[in-house]
Every structure is written in structure tokens, then in C-alpha cells.
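Novice: One file: structure.cif (mmCIF, C-alpha atoms).
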data_start
loop_
_atom_site.label_atom_id
_atom_site.label_comp_id
_atom_site.auth_asym_id
_atom_site.auth_seq_id
_atom_site.Cartn_x
_atom_site.Cartn_y
_atom_site.Cartn_z
CA GLY A 13 21.68 107.23 4.68
CA LEU A 14 23.96 104.92 6.59
CA PHE A 15 21.05 103.75 8.73
CA VAL A 16 18.93 102.99 5.66
CA TRP A 17 21.81 101.02 4.06
CA ARG A 18 22.19 98.93 7.21
CA LEU A 19 18.49 98.10 7.26
CA ARG A 20 18.61 97.02 3.62
CA SER A 21 21.64 94.76 4.15
CA ALA A 22 20.04 93.19 7.24
CA GLY A 23 16.79 92.58 5.30
CA VAL A 24 18.63 90.90 2.47
CA ARG A 25 20.37 88.60 4.92
CA GLN A 26 17.13 87.68 6.69
CA VAL A 27 15.19 86.84 3.51
CA PRO A 28 16.18 83.10 3.46
CA CYS A 29 15.38 82.70 7.14
CA GLN A 30 11.98 84.29 6.73
CA PHE A 31 11.18 82.06 3.75
CA MET A 32 11.97 78.89 5.72
CA HIS A 33 9.86 80.17 8.59
CA LEU A 34 6.90 80.75 6.27
CA CYS A 35 7.21 77.23 4.86
CA ARG A 36 7.16 75.74 8.33
CA VAL A 37 4.11 77.76 9.29
CA ALA A 38 2.34 76.68 6.09
CA ASN A 39 3.07 73.05 6.83
CA ASP A 40 1.83 73.38 10.40
CA ARG A 41 -1.17 75.65 10.07
CA LEU A 42 -2.26 75.83 6.43
CA ILE A 43 -4.30 73.15 4.56
CA THR A 44 -2.05 70.60 2.80
CA PHE A 45 -2.84 68.65 -0.38
CA GLN A 46 -3.24 65.33 1.48
CA TYR A 47 -5.67 66.90 3.94
CA PHE A 48 -7.65 68.30 1.03
CA ASN A 49 -7.91 64.81 -0.55
CA PHE A 50 -9.06 63.38 2.76
CA LEU A 51 -11.84 65.97 3.01
CA LYS A 52 -12.83 65.22 -0.57
CA ARG A 53 -13.12 61.46 0.12
CA MET A 54 -15.19 62.09 3.23
CA TYR A 55 -17.57 64.27 1.25
CA VAL A 56 -17.93 61.68 -1.54
CA THR A 57 -18.58 58.76 0.80
CA GLN A 58 -21.16 60.68 2.85
CA TYR A 59 -23.26 62.22 0.08
CA ASN A 60 -22.78 59.65 -2.75
CA LYS A 61 -23.78 56.30 -1.16
CA ASP A 62 -24.44 54.54 -4.46
CA LEU A 63 -20.94 55.07 -5.80
CA SER A 64 -19.58 52.25 -7.96
CA GLN A 65 -16.13 51.56 -9.30
CA ARG A 66 -14.47 49.19 -11.68
CA ALA A 67 -12.08 46.50 -10.49
CA LYS A 68 -9.35 46.28 -13.05
CA PRO A 69 -7.62 42.88 -13.07
CA LYS A 70 -3.90 42.58 -13.29
CA SER A 71 -2.80 42.37 -16.90
CA ASP A 72 -0.16 39.98 -18.11
CA SER A 73 3.25 41.19 -19.22
CA VAL A 74 2.95 39.96 -22.83
CA VAL A 75 -0.54 39.43 -24.16
CA SER A 76 -1.78 39.10 -27.68
CA PRO A 77 -4.17 41.76 -29.07
CA PHE A 78 -7.00 39.23 -29.13
CA HIS A 79 -6.59 38.54 -25.39
CA GLU A 80 -6.37 42.29 -24.73
CA LEU A 81 -9.76 42.83 -26.35
CA GLN A 82 -11.23 40.01 -24.27
CA GLN A 83 -9.81 41.56 -21.10
CA LEU A 84 -11.30 44.96 -22.02
CA ASP A 85 -14.72 43.37 -22.46
CA GLN A 86 -14.39 41.62 -19.11
CA GLU A 87 -13.33 44.86 -17.45
CA ARG A 88 -16.44 46.53 -18.77
CA LYS A 89 -18.68 43.77 -17.51
CA VAL A 90 -17.11 43.19 -14.08
CA ILE A 91 -18.40 45.92 -11.74
CA HIS A 92 -18.29 45.55 -7.97
CA LYS A 93 -20.58 47.56 -5.75
CA ILE A 94 -19.02 49.23 -2.71
CA SER A 95 -20.97 49.08 0.51
CA PRO A 96 -21.93 52.53 1.91
CA VAL A 97 -19.82 53.96 4.70
CA SER A 98 -21.56 55.09 7.86
CA PRO A 99 -21.70 58.90 8.29
CA VAL A 100 -19.41 60.72 10.68
CA HIS A 101 -22.18 61.98 12.94
CA GLN A 102 -23.32 58.41 13.70
CA SER A 103 -22.80 57.53 17.32
CA TRP A 104 -20.19 55.02 18.45
CA CYS A 105 -22.72 53.02 20.44
CA GLU A 106 -24.89 52.32 17.38
CA THR A 107 -21.92 51.12 15.30
CA SER A 108 -20.62 48.94 18.09
CA SER A 109 -24.05 47.38 18.63
CA ARG A 110 -24.37 46.62 14.91
CA ASN A 111 -20.92 45.03 14.86
CA GLU A 112 -21.81 42.91 17.85
CA LEU A 113 -24.99 41.73 16.15
CA ARG A 114 -23.06 40.82 13.01
CA GLU A 115 -20.48 38.93 15.04
CA THR A 116 -23.12 37.00 16.96
CA LYS A 117 -24.90 36.10 13.71
CA SER A 118 -21.65 34.93 12.09
CA THR A 119 -20.66 32.89 15.14
CA ALA A 120 -24.12 31.31 15.28
CA GLU A 121 -23.90 30.37 11.58
CA THR A 122 -20.40 28.91 11.98
CA GLU A 123 -21.52 26.94 15.03
CA ASP A 124 -24.47 25.55 13.09
CA LEU A 125 -22.16 24.54 10.22
CA VAL A 126 -19.66 22.91 12.61
CA THR A 127 -22.39 20.97 14.37
CA ALA A 128 -23.86 19.82 11.05
CA VAL A 129 -20.43 18.71 9.77
CA GLY A 130 -19.66 17.03 13.08
CA ALA A 131 -22.95 15.15 13.00
CA GLU A 132 -22.26 13.96 9.45
CA SER A 133 -18.73 12.87 10.36
CA LYS A 134 -20.03 11.04 13.42
CA GLU A 135 -22.59 9.24 11.30
CA ASP A 136 -19.86 8.24 8.85
CA ARG A 137 -17.59 7.04 11.62
CA GLN A 138 -20.24 5.00 13.38
CA TRP A 139 -20.39 1.27 12.74
CA LYS A 140 -23.18 0.40 10.35
CA GLU A 141 -24.72 -3.02 10.09
CA MET A 142 -24.07 -4.38 6.62
CA LYS A 143 -26.78 -6.59 5.21
CA LEU A 144 -25.43 -9.83 3.80
CA ARG A 145 -26.95 -10.92 0.53
CA LEU A 146 -26.79 -14.49 -0.67
CA ASP A 147 -25.45 -13.37 -4.05
CA ASP A 148 -22.37 -11.83 -2.40
CA LEU A 149 -21.70 -14.76 -0.05
CA PRO A 150 -19.61 -16.92 -2.45
CA GLY A 151 -17.27 -14.05 -3.25
CA ILE A 152 -16.92 -13.11 0.42
CA LEU A 153 -16.13 -16.70 1.41
CA ALA A 154 -13.64 -16.96 -1.45
CA ARG A 155 -11.78 -13.89 -0.14
CA LEU A 156 -12.03 -15.23 3.40
CA SER A 157 -10.38 -18.49 2.38
CA LYS A 158 -7.76 -16.75 0.15
CA ILE A 159 -8.81 -18.68 -2.90
CA LYS A 160 -5.64 -17.87 -4.90
CA LEU A 161 -3.37 -19.16 -2.14
CA THR A 162 -5.59 -22.22 -1.78
CA ALA A 163 -5.27 -22.90 -5.52
CA LEU A 164 -1.47 -22.72 -5.20
CA VAL A 165 -1.54 -25.18 -2.29
CA VAL A 166 -3.74 -27.64 -4.22
CA SER A 167 -1.52 -27.38 -7.30
CA THR A 168 1.63 -28.17 -5.33
CA ALA A 169 -0.12 -31.10 -3.66
CA SER A 170 -1.17 -32.34 -7.10
CA ALA A 171 2.43 -32.05 -8.29
CA GLY A 172 3.56 -34.21 -5.38
CA PHE A 173 0.91 -36.81 -6.22
CA ALA A 174 1.93 -36.80 -9.90
CA MET A 175 5.63 -37.19 -9.08
CA ALA A 176 5.07 -40.27 -6.93
CA PRO A 177 6.48 -43.49 -8.52
CA VAL A 178 3.16 -45.34 -8.47
CA PRO A 179 0.30 -45.81 -10.97
CA PHE A 180 -2.06 -42.85 -11.14
CA ASP A 181 -5.26 -43.37 -9.12
CA LEU A 182 -7.92 -40.83 -10.10
CA PRO A 183 -10.36 -41.26 -7.14
CA CYS A 184 -7.50 -41.01 -4.66
CA PHE A 185 -6.18 -37.93 -6.49
CA LEU A 186 -9.55 -36.16 -6.36
CA LEU A 187 -10.05 -36.95 -2.66
CA ALA A 188 -6.53 -35.76 -1.81
CA SER A 189 -6.97 -32.52 -3.78
CA LEU A 190 -10.39 -31.80 -2.25
CA GLY A 191 -9.23 -32.56 1.29
CA THR A 192 -6.11 -30.43 0.89
CA GLY A 193 -8.16 -27.53 -0.49
CA LEU A 194 -10.66 -27.68 2.37
CA ALA A 195 -7.85 -27.79 4.94
CA SER A 196 -6.24 -24.74 3.32
CA CYS A 197 -9.56 -22.83 3.35
CA ALA A 198 -9.98 -23.58 7.05
CA ALA A 199 -6.45 -22.47 7.92
CA ASN A 200 -6.76 -19.21 5.97
CA SER A 201 -10.13 -18.38 7.53
CA ILE A 202 -8.84 -18.91 11.06
CA ASN A 203 -5.79 -16.81 10.21
CA GLN A 204 -8.00 -13.88 9.13
CA PHE A 205 -10.16 -14.29 12.24
CA PHE A 206 -7.12 -13.82 14.50
CA GLU A 207 -5.63 -10.90 12.55
CA VAL A 208 -8.63 -8.55 12.21
CA PRO A 209 -7.24 -5.71 14.44
CA PHE A 210 -3.85 -5.90 12.69
CA ASP A 211 -5.19 -6.20 9.14
CA SER A 212 -7.21 -3.01 9.64
CA ASN A 213 -3.94 -1.01 9.87
CA MET A 214 -2.54 -2.28 6.57
CA ASN A 215 -3.51 -1.02 3.13
CA ARG A 216 -3.11 -4.48 1.62
CA THR A 217 -5.52 -6.18 4.03
CA LYS A 218 -7.91 -3.44 5.17
CA ASN A 219 -10.60 -4.56 2.67
CA ARG A 220 -10.82 -8.14 3.91
CA PRO A 221 -14.35 -9.36 4.74
CA LEU A 222 -13.90 -9.53 8.51
CA VAL A 223 -12.18 -6.14 8.65
CA ARG A 224 -14.99 -4.44 6.73
CA GLY A 225 -17.66 -6.27 8.69
CA GLN A 226 -19.18 -8.00 5.66
CA ILE A 227 -19.59 -11.18 7.70
CA SER A 228 -19.63 -11.83 11.41
CA PRO A 229 -16.76 -13.56 13.23
CA LEU A 230 -19.14 -16.38 14.19
CA LEU A 231 -19.91 -17.05 10.54
CA ALA A 232 -16.18 -17.08 9.74
CA VAL A 233 -15.47 -19.60 12.50
CA CYS A 234 -18.39 -21.79 11.40
CA PHE A 235 -17.10 -21.70 7.80
CA ALA A 236 -13.60 -22.67 8.97
CA ALA A 237 -15.01 -25.58 10.99
CA SER A 238 -17.22 -26.73 8.11
CA CYS A 239 -14.13 -26.80 5.85
CA GLY A 240 -11.52 -28.15 8.27
CA ILE A 241 -13.39 -31.10 9.77
CA PRO A 242 -14.59 -32.63 6.47
CA GLY A 243 -11.22 -31.92 4.86
CA ILE A 244 -9.24 -33.79 7.51
CA ALA A 245 -11.83 -36.57 7.50
CA LEU A 246 -11.48 -37.00 3.73
CA LEU A 247 -7.69 -37.12 3.98
CA ALA A 248 -7.63 -39.54 6.91
CA LEU A 249 -10.46 -41.89 5.89
CA GLY A 250 -10.60 -41.50 2.11
CA VAL A 251 -6.84 -41.38 1.42
CA ASN A 252 -4.68 -42.63 4.32
CA PRO A 253 -4.09 -41.67 7.98
CA LEU A 254 -0.59 -40.29 7.28
CA THR A 255 -1.92 -37.69 4.85
CA GLY A 256 -4.72 -36.77 7.26
CA ALA A 257 -2.20 -36.31 10.09
CA LEU A 258 -0.05 -34.07 7.88
CA GLY A 259 -3.11 -31.98 6.99
CA ALA A 260 -4.13 -31.52 10.63
CA PHE A 261 -0.55 -30.70 11.60
CA ASN A 262 -0.34 -28.11 8.84
CA ILE A 263 -3.52 -26.35 10.05
CA PHE A 264 -2.16 -26.29 13.59
CA LEU A 265 1.23 -25.00 12.43
CA TYR A 266 -0.30 -22.21 10.34
CA THR A 267 -2.91 -20.97 12.82
CA CYS A 268 -1.29 -21.58 16.21
CA CYS A 269 2.43 -21.13 15.43
CA TYR A 270 2.92 -19.01 12.30
CA THR A 271 0.10 -16.50 12.96
CA PRO A 272 1.20 -15.41 16.49
CA LEU A 273 4.90 -15.55 15.55
CA LYS A 274 4.33 -12.84 12.93
CA ARG A 275 4.16 -10.28 15.77
CA MET A 276 6.90 -11.81 17.92
CA SER A 277 9.93 -12.93 15.90
CA ILE A 278 11.35 -13.09 12.38
CA ALA A 279 11.34 -16.89 12.81
CA ASN A 280 7.79 -16.76 11.43
CA THR A 281 9.22 -16.76 7.89
CA TRP A 282 10.94 -20.12 8.42
CA VAL A 283 7.81 -21.58 10.06
CA GLY A 284 5.69 -20.29 7.17
CA ALA A 285 8.10 -21.92 4.71
CA VAL A 286 7.54 -25.26 6.44
CA VAL A 287 3.78 -24.74 6.13
CA GLY A 288 4.16 -24.17 2.38
CA ALA A 289 6.46 -27.19 1.98
CA ILE A 290 4.01 -29.72 3.48
CA PRO A 291 1.35 -29.82 0.66
CA PRO A 292 3.60 -31.55 -1.95
CA VAL A 293 4.62 -34.00 0.76
CA MET A 294 0.91 -34.67 1.37
CA GLY A 295 0.44 -35.34 -2.34
CA TRP A 296 3.33 -37.83 -2.32
CA THR A 297 2.06 -39.61 0.80
CA ALA A 298 -1.46 -39.71 -0.65
CA ALA A 299 -0.12 -41.65 -3.64
CA THR A 300 2.43 -43.88 -1.90
CA GLY A 301 1.31 -44.00 1.73
CA SER A 302 4.85 -43.43 3.00
CA LEU A 303 7.42 -40.69 3.47
CA ASP A 304 10.22 -41.27 0.95
CA ALA A 305 13.21 -39.30 -0.23
CA GLY A 306 11.18 -37.94 -3.14
CA ALA A 307 8.64 -36.42 -0.77
CA LEU A 308 11.41 -34.70 1.19
CA LEU A 309 13.00 -33.42 -2.04
CA LEU A 310 9.73 -31.88 -3.22
CA GLY A 311 9.22 -30.34 0.20
CA GLY A 312 12.75 -28.94 0.09
CA ILE A 313 12.15 -27.33 -3.31
CA LEU A 314 8.97 -25.65 -2.07
CA TYR A 315 10.73 -24.63 1.15
CA SER A 316 13.56 -22.88 -0.68
CA TRP A 317 11.32 -21.31 -3.30
CA GLN A 318 9.25 -19.48 -0.68
CA PHE A 319 12.14 -17.36 0.60
CA PRO A 320 12.82 -15.39 -2.61
CA HIS A 321 9.08 -15.26 -3.23
CA PHE A 322 8.03 -13.93 0.17
CA ASN A 323 11.10 -11.82 0.91
CA ALA A 324 10.73 -9.98 -2.37
CA LEU A 325 7.03 -9.47 -1.69
CA SER A 326 7.57 -8.21 1.86
CA TRP A 327 10.27 -5.76 0.71
CA GLY A 328 7.66 -3.61 -1.00
CA LEU A 329 5.26 -3.92 1.95
CA ARG A 330 7.61 -2.83 4.73
CA GLU A 331 5.51 0.21 5.62
CA ASP A 332 2.35 -1.88 5.83
CA TYR A 333 4.00 -4.53 7.98
CA SER A 334 5.42 -1.93 10.37
CA ARG A 335 1.98 -0.28 10.72
CA GLY A 336 0.37 -3.66 11.34
CA GLY A 337 2.90 -4.56 14.03
CA TYR A 338 4.35 -7.56 12.19
CA CYS A 339 7.94 -8.57 12.85
CA MET A 340 9.32 -9.31 9.38
CA MET A 341 12.88 -9.64 8.13
CA SER A 342 12.34 -6.87 5.61
CA VAL A 343 11.45 -4.46 8.45
CA THR A 344 13.80 -5.42 11.28
CA HIS A 345 16.67 -7.17 9.42
CA PRO A 346 16.78 -5.90 5.81
CA GLY A 347 20.30 -7.21 5.17
CA LEU A 348 19.38 -10.70 6.36
CA CYS A 349 16.25 -10.59 4.21
CA ARG A 350 18.30 -10.07 1.05
CA ARG A 351 20.96 -12.64 1.98
CA VAL A 352 18.42 -15.36 2.74
CA ALA A 353 16.63 -14.75 -0.56
CA LEU A 354 19.89 -15.12 -2.50
CA ARG A 355 20.96 -18.25 -0.60
CA HIS A 356 17.74 -20.09 -1.35
CA CYS A 357 17.83 -19.05 -5.01
CA LEU A 358 21.19 -20.82 -5.22
CA ALA A 359 19.81 -23.73 -3.17
CA LEU A 360 17.25 -24.41 -5.92
CA ILE A 361 20.12 -25.28 -8.29
CA GLY A 362 21.53 -27.80 -5.83
CA LEU A 363 18.14 -29.38 -5.09
CA SER A 364 17.47 -29.78 -8.81
CA ALA A 365 20.80 -31.61 -9.16
CA VAL A 366 19.88 -34.00 -6.32
CA ALA A 367 16.71 -35.25 -8.04
CA PRO A 368 18.43 -37.68 -10.45
CA VAL A 369 20.71 -38.87 -7.67
CA LEU A 370 17.64 -39.96 -5.67
CA ASP A 371 16.33 -41.72 -8.79
CA ILE A 372 13.30 -39.41 -9.10
CA THR A 373 14.10 -37.79 -12.45
CA THR A 374 16.52 -38.33 -15.28
CA TRP A 375 19.77 -36.42 -15.62
CA THR A 376 18.19 -34.12 -18.18
CA PHE A 377 16.22 -32.37 -15.43
CA PRO A 378 19.20 -30.49 -13.88
CA VAL A 379 20.32 -29.46 -17.36
CA ILE A 380 16.92 -28.21 -18.54
CA SER A 381 16.10 -26.48 -15.24
CA LEU A 382 19.50 -24.80 -15.02
CA PRO A 383 18.58 -21.70 -17.14
CA ILE A 384 15.49 -20.80 -15.09
CA ASN A 385 17.34 -21.48 -11.84
CA LEU A 386 20.24 -19.31 -12.98
CA TYR A 387 17.84 -16.53 -13.96
CA ILE A 388 16.09 -16.44 -10.59
CA SER A 389 19.52 -16.57 -8.93
CA TYR A 390 20.60 -13.58 -11.01
CA LEU A 391 17.50 -11.65 -9.92
CA GLY A 392 18.20 -12.69 -6.35
CA PHE A 393 21.70 -11.27 -6.67
CA ARG A 394 20.28 -8.02 -8.11
CA PHE A 395 17.91 -7.82 -5.17
CA TYR A 396 20.79 -8.43 -2.76
CA ARG A 397 22.97 -5.78 -4.41
CA ASP A 398 20.47 -3.01 -5.23
CA ALA A 399 17.90 -3.50 -2.44
CA ASP A 400 15.22 -1.38 -4.12
CA ARG A 401 11.61 -1.81 -5.12
CA SER A 402 12.40 -2.47 -8.77
CA SER A 403 14.69 -5.43 -8.09
CA SER A 404 12.34 -6.89 -5.47
CA ARG A 405 9.38 -6.60 -7.85
CA LYS A 406 11.27 -8.38 -10.64
CA LEU A 407 12.27 -11.20 -8.29
CA PHE A 408 8.70 -11.58 -7.04
CA PHE A 409 7.16 -11.78 -10.51
CA CYS A 410 9.86 -14.20 -11.61
CA SER A 411 9.01 -16.49 -8.68
CA LEU A 412 5.37 -16.62 -9.85
CA TRP A 413 6.24 -18.39 -13.11
CA HIS A 414 9.44 -20.10 -11.91
CA LEU A 415 7.72 -22.63 -9.62
CA PRO A 416 5.11 -23.98 -12.08
CA MET A 417 7.72 -24.18 -14.84
CA LEU A 418 10.17 -26.00 -12.56
CA LEU A 419 7.52 -28.52 -11.48
CA LEU A 420 6.43 -29.01 -15.09
CA VAL A 421 10.00 -29.69 -16.21
CA MET A 422 10.43 -32.03 -13.26
CA PHE A 423 7.30 -33.95 -14.25
CA THR A 424 8.39 -34.26 -17.88
CA CYS A 425 11.79 -35.59 -16.78
CA LYS A 426 10.28 -38.01 -14.26
CA LYS A 427 11.49 -41.57 -14.46
CA SER A 428 8.76 -43.86 -15.69
CA LEU A 429 7.52 -46.77 -13.68
CA LEU A 430 8.63 -49.25 -16.35
CA GLU A 431 12.22 -48.05 -16.17
CA LYS A 432 12.22 -48.50 -12.42
CA GLU A 433 10.67 -51.95 -12.69
CA ASP A 434 13.22 -52.96 -15.33
CA LYS A 435 16.00 -51.61 -13.16
CA GLY A 436 14.61 -53.50 -10.18
CA ASP A 437 14.35 -56.70 -12.21
CA LEU A 438 17.92 -56.28 -13.42
CA ARG A 439 19.08 -55.81 -9.85
CA GLY A 440 17.13 -58.93 -8.79
CA GLU A 441 18.54 -60.99 -11.67
CA SER A 442 22.11 -59.87 -10.96
CA HIS A 443 21.60 -60.68 -7.28
CA GLY A 444 20.21 -64.16 -8.20
CA ARG A 445 23.13 -64.86 -10.55
CA ALA A 446 25.55 -63.87 -7.84
CA MET A 447 23.81 -66.24 -5.45
CA GLU A 448 23.95 -69.03 -8.07
CA ILE A 449 27.66 -68.45 -8.61
CA ARG A 450 28.31 -68.54 -4.90
CA LEU A 451 26.35 -71.76 -4.47
CA PRO A 452 28.38 -74.95 -5.21
#
For this file, produce the structure as C-alpha cells.

Specialist:
Amino acid sequence: GLFVWRLRSAGVRQVPCQFMHLCRVANDRLITFQYFNFLKRMYVTQYNKDLSQRAKPKSDSVVSPFHELQQLDQERKVIHKISPVSPVHQSWCETSSRNELRETKSTAETEDLVTAVGAESKEDRQWKEMKLRLDDLPGILARLSKIKLTALVVSTASAGFAMAPVPFDLPCFLLASLGTGLASCAANSINQFFEVPFDSNMNRTKNRPLVRGQISPLLAVCFAASCGIPGIALLALGVNPLTGALGAFNIFLYTCCYTPLKRMSIANTWVGAVVGAIPPVMGWTAATGSLDAGALLLGGILYSWQFPHFNALSWGLREDYSRGGYCMMSVTHPGLCRRVALRHCLALIGLSAVAPVLDITTWTFPVISLPINLYISYLGFRFYRDADRSSSRKLFFCSLWHLPMLLLVMFTCKKSLLEKEDKGDLRGESHGRAMEIRLP
């Protein structure tokens, strides 16, 4: 009985150990649930090759009942067919050969697509000869000669002619305006001819006629020669030699000094200001035939006006100028660019005050022109202080209407020829009376 009791107690103690052992054996040797699912999938894929399933899209977190019904309809309609899986007994060589064939076909198709795209891109990149039509020629030549800049040059020359203290001569005025315009067209065309490789890198100038190949360089040079030679001849022979010499000097200064200096030094801005200051001087000399203080004053006003105008313009084009390789104050010396613009805004106030002193205008001109000069000086100070695109844009647009308004006010306040003659007669009479008193 004792032996049987011992066996029972030993069996009770070994029950947990035996249970754990059976679990381990079942995990190692018996069929698990995952293995059963694997066998089931293999059976389905081998014997049901036309099996289809629904692809259920991901539903939103909060959707209205109307959208839920639409999604259910779409789920019923959208059915994707699953490609059949190769059976297990298929040999490895056959599958590998099929994969190789698929890979070769896909690579051949991609190579064909790449070659086709490459051929199209090469065709787009190749230079194409553009046919020039006679209807487009006037517009192309107008853009080649920078017609807006030429109009500004002619208007300033006309202002200089109108401000001259002599009677108005219409034929001389027309010849001077035509000659000045032709000289400006020639200078601008030669400038674009020299700057083709640099203009192609700038967004502002990449659509110019020579850059796009709308006209040939030979045609551009011939157009410049056909404008420059008659223009200088009209100024020298039809007006006077002094005006013709100033026109020829201005073409040389713009094409041979200002254009190459743009890629060498910031001094190009000062040289370009001189180029812009010469046209009103040419208008004065065309009317009077001599260089007087009035001509220098008009040139000084145009010289100072160009610094706020161009510096504000170049401030927004710094990226373009740096890509084009131009050495501008706004790129290399931004602080100097803002200071120079402010200084010349203030200089316009002083130059306007000098006009009545030189007996060119009445004393009402400095008073009337003071508000517009103060306003452009205020915008110049904002540009100097803020140094952003908004302030530079405001200063630039102000300079566009400031110059014509200043010249118009200057013309309205011009001293008439009768006043000067009366003043000259009074001076002559006073001088004669003094001589009479001195004589015994």
C-alpha cells in the first residue's frame, strides 16, 4: 500500500511537467494553425486560377451617409483581377527563363522610350533657322533699337531745345529730333550686338531679337550703320557741327565705354549717367549753337535723375545682373547703391534752386518743383533705410513721372525772351547813362 501511495504522489507531481512536454511536442511535430492556413492558400492558388477579390478603399474617419452610399457603390464596381500564381511543380529553370524574357522586354521598351525622348529633346535643343517675315520686321527693329529708351532720349533733347533762350525754329527742331533719334537707335543696336552672350543668361533680356535669332548679326550691324551715319550727318550738316560732334561722342561713349565697363567696374553707372545727360545738351546746342550754363544745368538735372532711376531698377534685378556677369552697384556694393540714390535725389533740389540764379527760369520754379523733389527724396530715403523690393519699386515708378513733370514745370517757369531783352536793354541804358555821367 505504501508503494502504491508513493507512485500516486510521484504521478501527481509529474503531471505539470508532462503537460509542458506535450505542448512542446505539439508545437514541434503537430500541424499548427498557421501551417494549416498556408496549405489552404496553396490549394486555392493552384486549383482556383480565376479567383477575384475586391479592393476596399480606405474610408474616411467622418463621412456623411450620402458619401458612404457612394463609396459602397464604388466598392461594388471596382474589382481587380489577380494574376494566377505558377504551380509548385513548375521547374525553376522555366520560371527563371520567363523572368529573363520579361526583363529583356521591359529594358528594350525603356531603351526605346529613352531614345525617343532623347531624340525629341535633341531636336528641341538644336538651333533652328527662323524665317523672317516682312510683317514682323518693324517690330523686331523697334525692339532692337529699344524704342522706349529712344523716345525718352528724344523727349529730353526736345526739352533742351525748348528751354533754349532763342526763338523757336521748327525745321531745326525736327532735324535735331530726327538726328538724335537715329543716333540713339544706332547706339542701342550696337549695344545689343555686343551683349548677346550675356543677355541670354538674363530673364529680362533673353527674348531680345538677336538672342532669339530672329535676325542675323549682320542685319543688326547694317541697321545700326543705316541709322548712325544719316543721324550724325543730319545733326552735323542740318543743325550745326557742335551738335553732330556731341551725337557722335555719345554713340562712342555708350558703345565703346559704357558697354564693356558693365562687366568690369561699377564706374559704368557714372559713365551711363553722362550718356543720358548729353541729349538735353544736344537740344540746347541745336537751338543756340553754343554750350551755355543752361545746357550744363539741364545736363546736370538729367545726370542726377538717372541715379535714383537706375539704382532702384537694378535693385530688383540683382539676380539677373549676377547671372549675366554684370558688375553693378546693387550686386557688389549694395550700401553704396542706396547712398548714391539718396544723394542725387537731394541734388535735384539744389539744381532746381540754381535755375533762377543762372537766369533760366523764374523764382517760382524752385517753389513749385519743391514738393515733387521732396517726395522723390523721401522715397530715396525709404529705399536707403529699408533696402527692399517694395521701396525700390516705389522709387523707380516715381522717377518715371518725376522727370517729365519737372521738365514741364521748368518749361512753364522759363523766362521769356522779351523779359531777357528788356533786361538787356535796361542794362545797356544804365551802362550808357553811366558813361554819359562820367563824360565831361

Novice: Kindly indicate which residue among A:Ala279, A:Tyr266, A:Cys234, A:Pro177 lies nearest to Asp304 in chain A, using all atoms listed in the file for the distances.

Specialist: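 Residue with the minimum atom-to-atom distance to Asp304 in chain A: A:Pro177.
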
Novice: I want to know what sits within 12 Å of Arg216 in chain A, based on all atoms listed in the file, with residues of the same chain fewer than 2 positions away left out; could you give that as a ChimeraX atom specification?

Specialist: /A:210-214,218-220,223,325-326,328-333,335-336

Novice: Which residues of range 310-374 of chain A come within 9 Å of range 385-396 of chain A, and for each one, what is the closest pair of atoms and their distance in Å to one decimal, counting all atoms listed in the file, sorted by chain and residue number, as CSV?

Specialist:
residue,atom,partner,partner_atom,distance
A:Pro320,CA,A:Gly392,CA,7.1
A:Ala324,CA,A:Phe395,CA,8.0
A:Gly347,CA,A:Tyr396,CA,8.0
A:Cys349,CA,A:Tyr396,CA,8.6
A:Arg350,CA,A:Tyr396,CA,4.8
A:Arg351,CA,A:Tyr396,CA,6.3
A:Ala353,CA,A:Gly392,CA,6.3
A:Leu354,CA,A:Gly392,CA,4.9
A:Arg355,CA,A:Gly392,CA,8.5
A:His356,CA,A:Ser389,CA,8.5
A:Cys357,CA,A:Ser389,CA,4.9
A:Leu358,CA,A:Ser389,CA,5.9
A:Leu360,CA,A:Asn385,CA,6.6
A:Ile361,CA,A:Asn385,CA,5.9
A:Ser364,CA,A:Asn385,CA,8.8

Novice: Assuming the chain letters and numbering stay as they are in my file, what does the PyMOL selection byres ((chain A and resi 420) around 12) actually select? List them as a list of chain:residue names.

Specialist: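 What the PyMOL selection byres ((chain A and resi 420) around 12) grabs from the file is A:Ser167, A:Thr168, A:Ser170, A:Ala171, A:Gly172, A:Ala174, A:Met175, A:Thr373, A:Phe377, A:Ile380, A:Ser381, A:Trp413, A:His414, A:Leu415, A:Pro416, A:Met417, A:Leu418, A:Leu419, A:Val421, A:Met422, A:Phe423, A:Thr424, A:Cys425, A:Lys426.
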
Novice: Would you work out the distance separating CA of Arg155 in chain A from CA of Ala232 in chain A, expressed in Å to one decimal?

Specialist: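 Taking CA of Arg155 in chain A as the start and CA of Ala232 in chain A as the end point, the length is 11.3 Å.
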